[in-house]
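Text of the file upload_19.txt, holding compact mmCIF, C-alpha atoms and all ligand atoms:
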```
# COMPACT_ATOMS: atom_id res chain seq x y z
CA MET A 26 100.90 36.33 137.60
CA ILE A 27 101.92 33.37 139.74
CA LEU A 28 101.02 30.06 138.18
CA TRP A 29 102.44 27.47 140.54
CA LEU A 30 99.99 24.89 141.78
CA ALA A 31 100.96 22.26 144.29
CA GLY A 32 100.75 18.73 142.97
CA GLU A 33 100.65 16.72 146.18
CA PRO A 34 97.51 15.72 148.06
CA MET A 35 96.23 17.28 151.25
CA ILE A 36 97.72 16.84 154.70
CA ASP A 37 95.87 16.93 158.03
CA LEU A 38 98.38 18.09 160.65
CA HIS A 39 96.16 17.96 163.72
CA THR A 40 93.99 14.97 164.72
CA HIS A 41 93.16 12.96 167.84
CA LEU A 42 92.93 9.45 166.46
CA LEU A 43 95.10 7.29 168.70
CA PRO A 44 92.58 5.42 170.88
CA GLY A 45 92.67 5.84 174.62
CA LEU A 46 95.36 8.53 174.78
CA ASP A 47 93.10 11.56 175.11
CA ASP A 48 89.58 12.86 174.43
CA GLY A 49 89.81 11.84 170.76
CA SER A 50 89.08 8.36 169.51
CA HIS A 51 87.61 5.60 171.72
CA SER A 52 88.69 2.63 169.62
CA LEU A 53 90.67 1.43 166.63
CA SER A 54 87.46 0.90 164.65
CA GLU A 55 86.37 4.50 165.34
CA SER A 56 89.79 5.71 164.16
CA MET A 57 89.56 3.59 161.02
CA GLU A 58 86.08 4.95 160.23
CA THR A 59 87.46 8.48 160.53
CA LEU A 60 90.48 7.72 158.36
CA LYS A 61 88.10 6.44 155.69
CA MET A 62 86.57 9.93 155.70
CA HIS A 63 90.02 11.47 155.23
CA HIS A 64 90.65 9.11 152.34
CA SER A 65 87.34 9.84 150.63
CA GLN A 66 87.94 13.59 150.96
CA GLY A 67 91.34 13.40 149.21
CA CYS A 68 93.42 13.78 152.35
CA LYS A 69 96.41 11.45 151.94
CA THR A 70 98.59 12.21 154.95
CA VAL A 71 97.25 12.34 158.49
CA VAL A 72 99.33 13.29 161.52
CA CYS A 73 98.06 11.87 164.82
CA THR A 74 98.62 14.54 167.48
CA PRO A 75 97.39 13.38 170.91
CA HIS A 76 97.35 15.93 173.71
CA ILE A 77 100.41 16.16 175.96
CA SER A 78 99.32 18.14 179.00
CA HIS A 79 98.81 17.79 182.75
CA ALA A 80 95.47 16.09 182.03
CA TYR A 81 97.01 13.79 179.39
CA PRO A 82 100.68 13.18 180.30
CA ASN A 83 101.38 10.99 177.26
CA SER A 84 104.94 9.82 176.62
CA GLU A 85 106.39 9.37 173.15
CA SER A 86 106.62 5.61 173.69
CA ALA A 87 102.89 5.42 174.55
CA ILE A 88 102.09 7.46 171.43
CA LYS A 89 104.33 5.29 169.25
CA LYS A 90 102.69 2.09 170.57
CA LYS A 91 99.17 3.27 169.67
CA TYR A 92 100.43 4.64 166.37
CA ASP A 93 101.92 1.23 165.45
CA GLU A 94 98.60 -0.46 166.30
CA LEU A 95 96.65 1.96 164.10
CA LYS A 96 99.17 1.58 161.28
CA GLU A 97 98.81 -2.19 161.46
CA ALA A 98 95.01 -1.89 161.26
CA MET A 99 95.42 0.43 158.25
CA ALA A 100 97.73 -2.01 156.49
CA ALA A 101 95.05 -4.72 156.78
CA SER A 102 92.41 -2.39 155.27
CA SER A 103 91.85 -0.67 151.93
CA VAL A 104 92.32 2.81 153.40
CA ASP A 105 95.23 4.42 151.60
CA VAL A 106 96.40 7.17 153.94
CA THR A 107 99.96 7.83 155.09
CA LEU A 108 99.97 7.99 158.87
CA ARG A 109 102.44 9.96 160.99
CA TYR A 110 102.52 11.01 164.59
CA GLY A 111 103.34 14.16 166.51
CA ALA A 112 101.66 15.69 169.56
CA GLU A 113 99.65 18.71 170.63
CA TYR A 114 101.39 20.24 173.64
CA HIS A 115 99.71 22.43 176.15
CA LEU A 116 101.93 25.52 176.37
CA GLU A 117 102.64 25.11 180.09
CA THR A 118 103.61 21.45 179.72
CA LEU A 119 105.85 22.33 176.81
CA CYS A 120 107.56 25.04 178.84
CA GLU A 121 108.26 22.57 181.67
CA LYS A 122 109.72 20.04 179.22
CA ILE A 123 111.94 22.63 177.54
CA LEU A 124 113.17 24.02 180.89
CA ASN A 125 114.00 20.49 182.06
CA ASP A 126 115.72 19.67 178.76
CA GLU A 127 113.36 16.73 178.23
CA PRO A 128 112.85 15.37 174.72
CA VAL A 129 109.73 16.58 172.92
CA VAL A 130 107.61 15.15 170.12
CA PHE A 131 107.74 17.22 166.93
CA LEU A 132 105.43 17.30 163.94
CA ASN A 133 108.40 16.27 161.80
CA ASN A 134 111.54 14.20 162.12
CA PRO A 135 113.74 15.83 164.81
CA ASP A 136 116.87 15.34 162.65
CA GLU A 137 115.60 17.70 159.98
CA GLU A 138 116.85 21.24 159.34
CA HIS A 139 113.93 22.91 161.09
CA ARG A 140 111.50 21.50 163.63
CA TYR A 141 107.86 22.24 164.34
CA LEU A 142 105.80 21.82 167.50
CA LEU A 143 102.00 21.92 167.64
CA VAL A 144 101.03 23.91 170.71
CA GLU A 145 97.71 24.70 172.36
CA PHE A 146 97.67 27.98 174.29
CA PRO A 147 95.76 28.79 177.48
CA PHE A 148 92.28 30.02 176.60
CA ALA A 149 92.26 33.14 178.76
CA VAL A 150 95.70 34.13 180.03
CA ARG A 151 98.91 35.08 178.32
CA PRO A 152 101.87 33.70 180.30
CA LEU A 153 104.55 36.26 181.13
CA TRP A 154 107.30 33.89 180.01
CA LEU A 155 105.90 33.37 176.52
CA GLU A 156 108.38 35.61 174.66
CA LYS A 157 111.33 33.95 176.39
CA LEU A 158 110.11 30.48 175.48
CA ILE A 159 109.50 31.44 171.84
CA ASP A 160 112.93 33.06 171.67
CA ARG A 161 114.63 29.97 173.10
CA LEU A 162 112.83 27.71 170.63
CA LYS A 163 113.75 30.01 167.75
CA ARG A 164 117.44 29.86 168.69
CA ASN A 165 117.13 26.06 168.43
CA ASN A 166 115.50 26.17 164.98
CA ILE A 167 112.09 25.27 166.36
CA SER A 168 108.87 27.00 165.31
CA ILE A 169 105.54 26.80 167.05
CA VAL A 170 102.42 25.93 165.12
CA VAL A 171 99.66 27.48 167.23
CA ALA A 172 96.65 25.14 167.40
CA HIS A 173 93.28 26.81 166.70
CA PRO A 174 94.25 30.40 167.63
CA GLU A 175 90.81 31.57 166.50
CA ARG A 176 89.25 29.86 169.52
CA TYR A 177 91.18 31.72 172.23
CA GLY A 178 89.90 34.79 174.01
CA THR A 179 93.54 35.86 174.21
CA SER A 180 94.25 35.99 170.47
CA ASP A 181 95.02 39.70 170.41
CA ASN A 182 97.42 39.24 173.30
CA PHE A 183 99.78 36.84 171.64
CA VAL A 184 99.74 37.60 167.94
CA ASP A 185 102.49 40.18 168.45
CA ILE A 186 104.94 37.35 169.21
CA VAL A 187 104.32 35.89 165.80
CA ASP A 188 106.54 38.25 163.89
CA GLN A 189 109.41 37.73 166.30
CA GLY A 190 109.01 33.97 166.57
CA GLU A 191 107.97 33.01 163.06
CA CYS A 192 105.01 31.05 164.41
CA LEU A 193 102.44 29.44 162.15
CA PHE A 194 98.72 29.04 162.77
CA ALA A 195 96.77 25.78 162.42
CA LEU A 196 93.18 26.92 162.14
CA ASN A 197 90.34 24.44 162.54
CA VAL A 198 88.23 23.67 159.50
CA SER A 199 85.11 23.60 161.71
CA SER A 200 85.78 27.20 162.79
CA ILE A 201 85.65 28.73 159.32
CA LEU A 202 82.55 26.69 158.54
CA GLY A 203 80.84 28.44 161.45
CA GLU A 204 80.44 25.38 163.66
CA GLU A 205 82.17 26.96 166.66
CA GLY A 206 80.05 30.13 166.61
CA THR A 207 80.15 33.53 164.96
CA ARG A 208 82.95 35.02 167.07
CA VAL A 209 85.29 32.12 166.30
CA LYS A 210 84.45 32.31 162.59
CA GLN A 211 85.18 36.04 162.55
CA ASN A 212 88.46 35.44 164.39
CA ALA A 213 89.41 32.82 161.80
CA PHE A 214 88.84 35.32 158.99
CA SER A 215 90.90 37.95 160.75
CA PHE A 216 93.84 35.51 161.17
CA VAL A 217 93.55 34.57 157.51
CA SER A 218 93.70 38.16 156.31
CA ARG A 219 96.44 39.18 158.74
CA TYR A 220 98.71 36.13 158.39
CA THR A 221 97.78 34.64 155.03
CA SER A 222 101.19 33.10 154.40
CA ARG A 223 101.34 31.42 157.83
CA ILE A 224 98.04 29.54 157.83
CA VAL A 225 97.39 25.83 157.65
CA TRP A 226 93.97 24.23 158.08
CA SER A 227 93.46 21.02 159.97
CA SER A 228 90.53 19.01 161.24
CA ASP A 229 91.43 18.72 164.95
CA THR A 230 89.34 15.56 164.61
CA HIS A 231 87.89 14.24 167.88
CA PRO A 232 85.45 11.41 167.13
CA ALA A 233 84.37 11.45 170.79
CA LEU A 234 83.32 15.10 170.41
CA ASN A 235 81.72 14.51 167.01
CA ARG A 236 84.34 16.61 165.24
CA TYR A 237 85.30 14.93 161.97
CA PRO A 238 87.29 15.88 158.86
CA GLN A 239 85.42 18.07 156.38
CA PHE A 240 88.07 18.83 153.78
CA ASP A 241 85.85 18.56 150.72
CA ARG A 242 83.40 21.10 152.14
CA VAL A 243 85.95 23.58 153.42
CA ILE A 244 88.11 23.57 150.30
CA GLN A 245 85.12 24.35 148.14
CA TYR A 246 84.18 27.16 150.50
CA LEU A 247 87.67 28.65 150.73
CA GLN A 248 88.48 28.32 147.03
CA LYS A 249 85.48 30.48 146.18
CA LYS A 250 86.68 33.12 148.61
CA PHE A 251 90.46 32.99 148.11
CA SER A 252 91.31 31.06 144.88
CA ARG A 253 92.89 27.67 144.19
CA VAL A 254 96.45 29.00 144.50
CA ILE A 255 95.85 30.06 148.08
CA THR A 256 94.06 26.86 149.12
CA ASP A 257 96.84 24.72 147.60
CA TYR A 258 99.32 26.73 149.64
CA TRP A 259 97.31 26.30 152.85
CA PHE A 260 96.35 22.64 152.49
CA ASP A 261 99.43 21.29 150.80
CA THR A 262 102.51 23.47 150.23
CA LEU A 263 102.86 24.77 153.78
CA PRO A 264 101.96 21.50 155.57
CA GLN A 265 104.49 19.70 153.32
CA LYS A 266 107.19 22.10 154.44
CA ILE A 267 106.28 21.45 158.06
CA ILE A 268 106.42 17.67 157.86
CA GLN A 269 109.59 17.81 155.75
CA GLY A 270 111.24 20.13 158.29
CA LYS A 271 111.81 23.01 155.88
CA LYS A 272 111.82 26.54 157.14
CA ILE A 273 109.22 28.91 155.73
CA SER A 274 111.22 31.45 153.78
CA GLU A 275 110.70 35.15 153.30
CA SER A 276 110.11 34.46 149.61
CA ASP A 277 107.24 32.05 150.44
CA ASN A 278 105.68 34.82 152.49
CA ALA A 279 106.29 37.45 149.85
CA ILE A 280 104.89 35.33 147.00
CA ILE A 281 101.69 34.38 148.73
CA ASN A 282 101.11 37.85 150.17
CA LEU A 283 101.62 39.39 146.72
CA TYR A 284 99.17 36.92 145.26
CA VAL A 285 96.57 37.71 147.92
CA ASP A 286 97.00 41.45 147.39
CA ASN A 287 96.49 40.99 143.64
CA PHE A 288 93.53 38.70 144.16
CA ILE A 289 91.82 41.06 146.57
CA SER A 290 92.43 44.12 144.39
CA CYS A 291 91.14 42.30 141.26
CA HIS A 292 87.96 41.39 143.11
CA LYS A 293 87.60 44.91 144.40
CA ASP A 294 87.95 46.27 140.86
CA ARG A 295 85.24 43.92 139.65
CA LYS A 296 82.88 45.07 142.38
CA GLU A 297 83.51 48.79 141.78
FE FE B 1 93.65 19.32 169.22
```
What is this file in structure tokens?
Ligand SMILES: [Fe+2]
Amino acid sequence: MILWLAGEPMIDLHTHLLPGLDDGSHSLSESMETLKMHHSQGCKTVVCTPHISHAYPNSESAIKKKYDELKEAMAASSVDVTLRYGAEYHLETLCEKILNDEPVVFLNNPDEEHRYLLVEFPFAVRPLWLEKLIDRLKRNNISIVVAHPERYGTSDNFVDIVDQGECLFALNVSSILGEEGTRVKQNAFSFVSRYTSRIVWSSDTHPALNRYPQFDRVIQYLQKKFSRVITDYWFDTLPQKIIQGKKISESDNAIINLYVDNFISCHKDRKE
């Protein structure tokens, strides 16, 4: 039986909290109110990931400026959350940047062994060049973290690239709680059972859209269904690896998959 439990607090890898950069937060005070929620729910590291897309052509310097302002506001408050920044790329924008050899904003420090990009896919179409892009990123030690794959109508069309490209999936907490509808909730469960060792959960917080962190609620819900070992892996172990730039190893996959198989078969036995 596997007994390892992660000791570090939770990490939210996907939030829209830098005011004025996208459809996330309107103001510093709104961002601070949201970060208080993170803090009270036990989430100790929050990555600000503004959109980078045709609609929101944010540069790294613009992101860094807003990030510094929010960090300064945090330092003057009692909210004890470690803040980082990354970005959420639209796939097409990312492809243009990569083809033009432009610098990109990673979820982790670009000097680290492995690098991770948070990427939003088109909602209805699978681009023909997707495999080539994933392959090129892989050759450069870059993995894609697919933002909210459970929300796309195209999910079945792109999951086959996952095994080739070693992608990870950042599912939205609100999806598994049923707030995005039944189809999205079902999709979230099917990603979880198919790619258990490649799942992280994040809030995709958008105060302007009334989407806020709900880590306390979701962890309770998921622990009942999947056990503490699995939720520690999803909310802590795997996100830590991402922000520390460590590659997800075959043994990580094997351990967690073995645990899930055991957990599911134990529960089956109890029911029978
Ligand atoms: Fe997002």
task = Report the distance between atom CA of Tyr220 of chain A and atom CA of Lys271 of chain A in Å, rounded to one decimal place.
result =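 Separating atom CA of Tyr220 of chain A from atom CA of Lys271 of chain A is a distance of 18.7 Å.
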Kindly assemble as a tab-separated table a list of the chain A residues that lie within 12 Å of ligand FE 1 (chain B), each paired with its nearest atom pair and their distance in Å to one decimal, using only C-alpha atoms and all ligand atoms, sorted first by chain and then by ascending residue number.
```
residue	atom	partner	partner_atom	distance
A:Asp37	CA	B:FE1	FE	11.7
A:Leu38	CA	B:FE1	FE	9.9
A:His39	CA	B:FE1	FE	6.2
A:Thr40	CA	B:FE1	FE	6.3
A:His41	CA	B:FE1	FE	6.5
A:Leu42	CA	B:FE1	FE	10.3
A:Asp47	CA	B:FE1	FE	9.8
A:Asp48	CA	B:FE1	FE	9.2
A:Gly49	CA	B:FE1	FE	8.5
A:Ser50	CA	B:FE1	FE	11.9
A:Val72	CA	B:FE1	FE	11.3
A:Cys73	CA	B:FE1	FE	9.7
A:Thr74	CA	B:FE1	FE	7.1
A:Pro75	CA	B:FE1	FE	7.2
A:His76	CA	B:FE1	FE	6.7
A:Ile77	CA	B:FE1	FE	10.1
A:Ser78	CA	B:FE1	FE	11.4
A:Gly111	CA	B:FE1	FE	11.3
A:Ala112	CA	B:FE1	FE	8.8
A:Glu113	CA	B:FE1	FE	6.2
A:Tyr114	CA	B:FE1	FE	9.0
A:His115	CA	B:FE1	FE	9.7
A:Leu143	CA	B:FE1	FE	8.9
A:Val144	CA	B:FE1	FE	8.8
A:Glu145	CA	B:FE1	FE	7.4
A:Phe146	CA	B:FE1	FE	10.8
A:Val170	CA	B:FE1	FE	11.7
A:Val171	CA	B:FE1	FE	10.3
A:Ala172	CA	B:FE1	FE	6.8
A:His173	CA	B:FE1	FE	7.9
A:Pro174	CA	B:FE1	FE	11.2
A:Arg176	CA	B:FE1	FE	11.4
A:Ala195	CA	B:FE1	FE	9.9
A:Leu196	CA	B:FE1	FE	10.4
A:Asn197	CA	B:FE1	FE	9.0
A:Val198	CA	B:FE1	FE	11.9
A:Ser227	CA	B:FE1	FE	9.4
A:Ser228	CA	B:FE1	FE	8.6
A:Asp229	CA	B:FE1	FE	4.8
A:Thr230	CA	B:FE1	FE	7.3
A:His231	CA	B:FE1	FE	7.8
A:Pro232	CA	B:FE1	FE	11.6
A:Leu234	CA	B:FE1	FE	11.2
A:Arg236	CA	B:FE1	FE	10.5
A:Tyr237	CA	B:FE1	FE	11.9
```
inquiry  = I'd like the contact shell of Ala98 of chain A - 9 Å cut-off, all atoms listed in the file, skipping same-chain residues fewer than 3 positions apart - returned as a PyMOL selection string.
reply    = chain A and resi 53-54+57+93-95+101-102
Would you save the residues of that selection, restricted to C-alpha atoms, as an mmCIF file, keeping the file's coordinate frame?
```cif
data_model
loop_
_atom_site.group_PDB
_atom_site.id
_atom_site.type_symbol
_atom_site.label_atom_id
_atom_site.label_comp_id
_atom_site.auth_asym_id
_atom_site.auth_seq_id
_atom_site.Cartn_x
_atom_site.Cartn_y
_atom_site.Cartn_z
ATOM 1 C CA LEU A 53 90.670 1.430 166.630
ATOM 2 C CA SER A 54 87.460 0.900 164.650
ATOM 3 C CA MET A 57 89.560 3.590 161.020
ATOM 4 C CA ASP A 93 101.920 1.230 165.450
ATOM 5 C CA GLU A 94 98.600 -0.460 166.300
ATOM 6 C CA LEU A 95 96.650 1.960 164.100
ATOM 7 C CA ALA A 101 95.050 -4.720 156.780
ATOM 8 C CA SER A 102 92.410 -2.390 155.270
#
```
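Of the listed residues (A:Leu202, A:Leu158, A:Gln66, A:Arg140), A:Leu158 comes nearest to Glu121 of chain A; the distances count all atoms listed in the file.
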inquiry  = Restricting the calculation to all atoms listed in the file: of A:Val243, A:Val254, A:Pro152, A:Ser168, which residue gets closest to Gly203 of chain A?
reply    =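 Closest candidate: A:Val243.
Among the candidates A:Lys210, A:Lys122, A:Arg109, A:Lys61, the residue lying nearest to Leu43 of chain A is A:Arg109 (atoms considered: all atoms listed in the file).
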remark   = Using only C-alpha atoms, the shortest atom-to-atom distance to Glu204 of chain A among A:His51, A:Asn235, A:Gly178, A:Pro135 belongs to A:Asn235
Atom CA of Val106 of chain A to atom CA of Phe240 of chain A, straight-line distance in Å =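 We find that atom CA of Phe240 of chain A and atom CA of Val106 of chain A lie 14.3 Å from each other.
With atom CA of Pro82 of chain A on one side and atom CA of Pro147 of chain A on the other, the separation reads 16.6 Å.
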Using the structure just given, write a file holding N, CA and C atoms for segment 138-163 of chain A, as a short mmCIF file (atom, residue, chain, number, x, y, z; two decimals), in the first residue's frame.
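Result saved to selection_20.cif:
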```
data_model
loop_
_atom_site.label_atom_id
_atom_site.label_comp_id
_atom_site.auth_asym_id
_atom_site.auth_seq_id
_atom_site.Cartn_x
_atom_site.Cartn_y
_atom_site.Cartn_z
N GLU A 138 14.60 22.76 -15.65
CA GLU A 138 14.80 21.55 -16.46
C GLU A 138 13.66 21.33 -17.49
N HIS A 139 12.44 21.50 -17.02
CA HIS A 139 11.29 21.30 -17.89
C HIS A 139 10.38 22.52 -17.77
N ARG A 140 9.68 22.84 -18.83
CA ARG A 140 8.85 24.05 -18.78
C ARG A 140 7.40 23.71 -19.13
N TYR A 141 6.50 24.48 -18.53
CA TYR A 141 5.07 24.20 -18.71
C TYR A 141 4.34 25.45 -19.18
N LEU A 142 3.45 25.25 -20.14
CA LEU A 142 2.62 26.35 -20.67
C LEU A 142 1.15 26.02 -20.44
N LEU A 143 0.40 26.99 -19.93
CA LEU A 143 -1.05 26.80 -19.78
C LEU A 143 -1.71 27.26 -21.08
N VAL A 144 -2.49 26.38 -21.68
CA VAL A 144 -3.02 26.67 -23.01
C VAL A 144 -4.52 26.37 -23.09
N GLU A 145 -5.25 27.36 -23.61
CA GLU A 145 -6.68 27.19 -23.86
C GLU A 145 -6.86 26.78 -25.32
N PHE A 146 -7.65 25.77 -25.56
CA PHE A 146 -7.86 25.27 -26.93
C PHE A 146 -9.10 25.92 -27.54
N PRO A 147 -9.21 25.88 -28.88
CA PRO A 147 -10.46 26.35 -29.50
C PRO A 147 -11.61 25.45 -29.01
N PHE A 148 -12.80 26.04 -28.89
CA PHE A 148 -13.91 25.28 -28.31
C PHE A 148 -14.55 24.30 -29.29
N ALA A 149 -14.36 24.50 -30.60
CA ALA A 149 -15.08 23.62 -31.52
C ALA A 149 -14.24 22.98 -32.61
N VAL A 150 -13.04 23.44 -32.84
CA VAL A 150 -12.27 22.95 -33.98
C VAL A 150 -10.90 22.46 -33.53
N ARG A 151 -10.48 21.36 -34.10
CA ARG A 151 -9.13 20.90 -33.82
C ARG A 151 -8.20 21.34 -34.94
N PRO A 152 -7.21 22.20 -34.65
CA PRO A 152 -6.33 22.67 -35.73
C PRO A 152 -5.50 21.52 -36.30
N LEU A 153 -5.28 21.59 -37.61
CA LEU A 153 -4.55 20.51 -38.29
C LEU A 153 -3.08 20.47 -37.86
N TRP A 154 -2.57 21.61 -37.40
CA TRP A 154 -1.16 21.69 -37.05
C TRP A 154 -0.86 21.33 -35.61
N LEU A 155 -1.88 20.86 -34.90
CA LEU A 155 -1.72 20.64 -33.46
C LEU A 155 -0.59 19.65 -33.12
N GLU A 156 -0.57 18.51 -33.82
CA GLU A 156 0.46 17.49 -33.51
C GLU A 156 1.86 18.06 -33.71
N LYS A 157 2.01 18.84 -34.79
CA LYS A 157 3.34 19.40 -35.09
C LYS A 157 3.79 20.35 -33.99
N LEU A 158 2.84 21.17 -33.53
CA LEU A 158 3.18 22.12 -32.46
C LEU A 158 3.57 21.36 -31.19
N ILE A 159 2.77 20.38 -30.83
CA ILE A 159 3.04 19.62 -29.59
C ILE A 159 4.40 18.94 -29.70
N ASP A 160 4.68 18.40 -30.88
CA ASP A 160 5.95 17.70 -31.09
C ASP A 160 7.13 18.67 -30.95
N ARG A 161 6.97 19.86 -31.52
CA ARG A 161 8.05 20.86 -31.44
C ARG A 161 8.28 21.29 -29.99
N LEU A 162 7.20 21.47 -29.26
CA LEU A 162 7.33 21.85 -27.85
C LEU A 162 8.02 20.74 -27.07
N LYS A 163 7.62 19.51 -27.35
CA LYS A 163 8.19 18.37 -26.63
C LYS A 163 9.70 18.29 -26.86
#
```
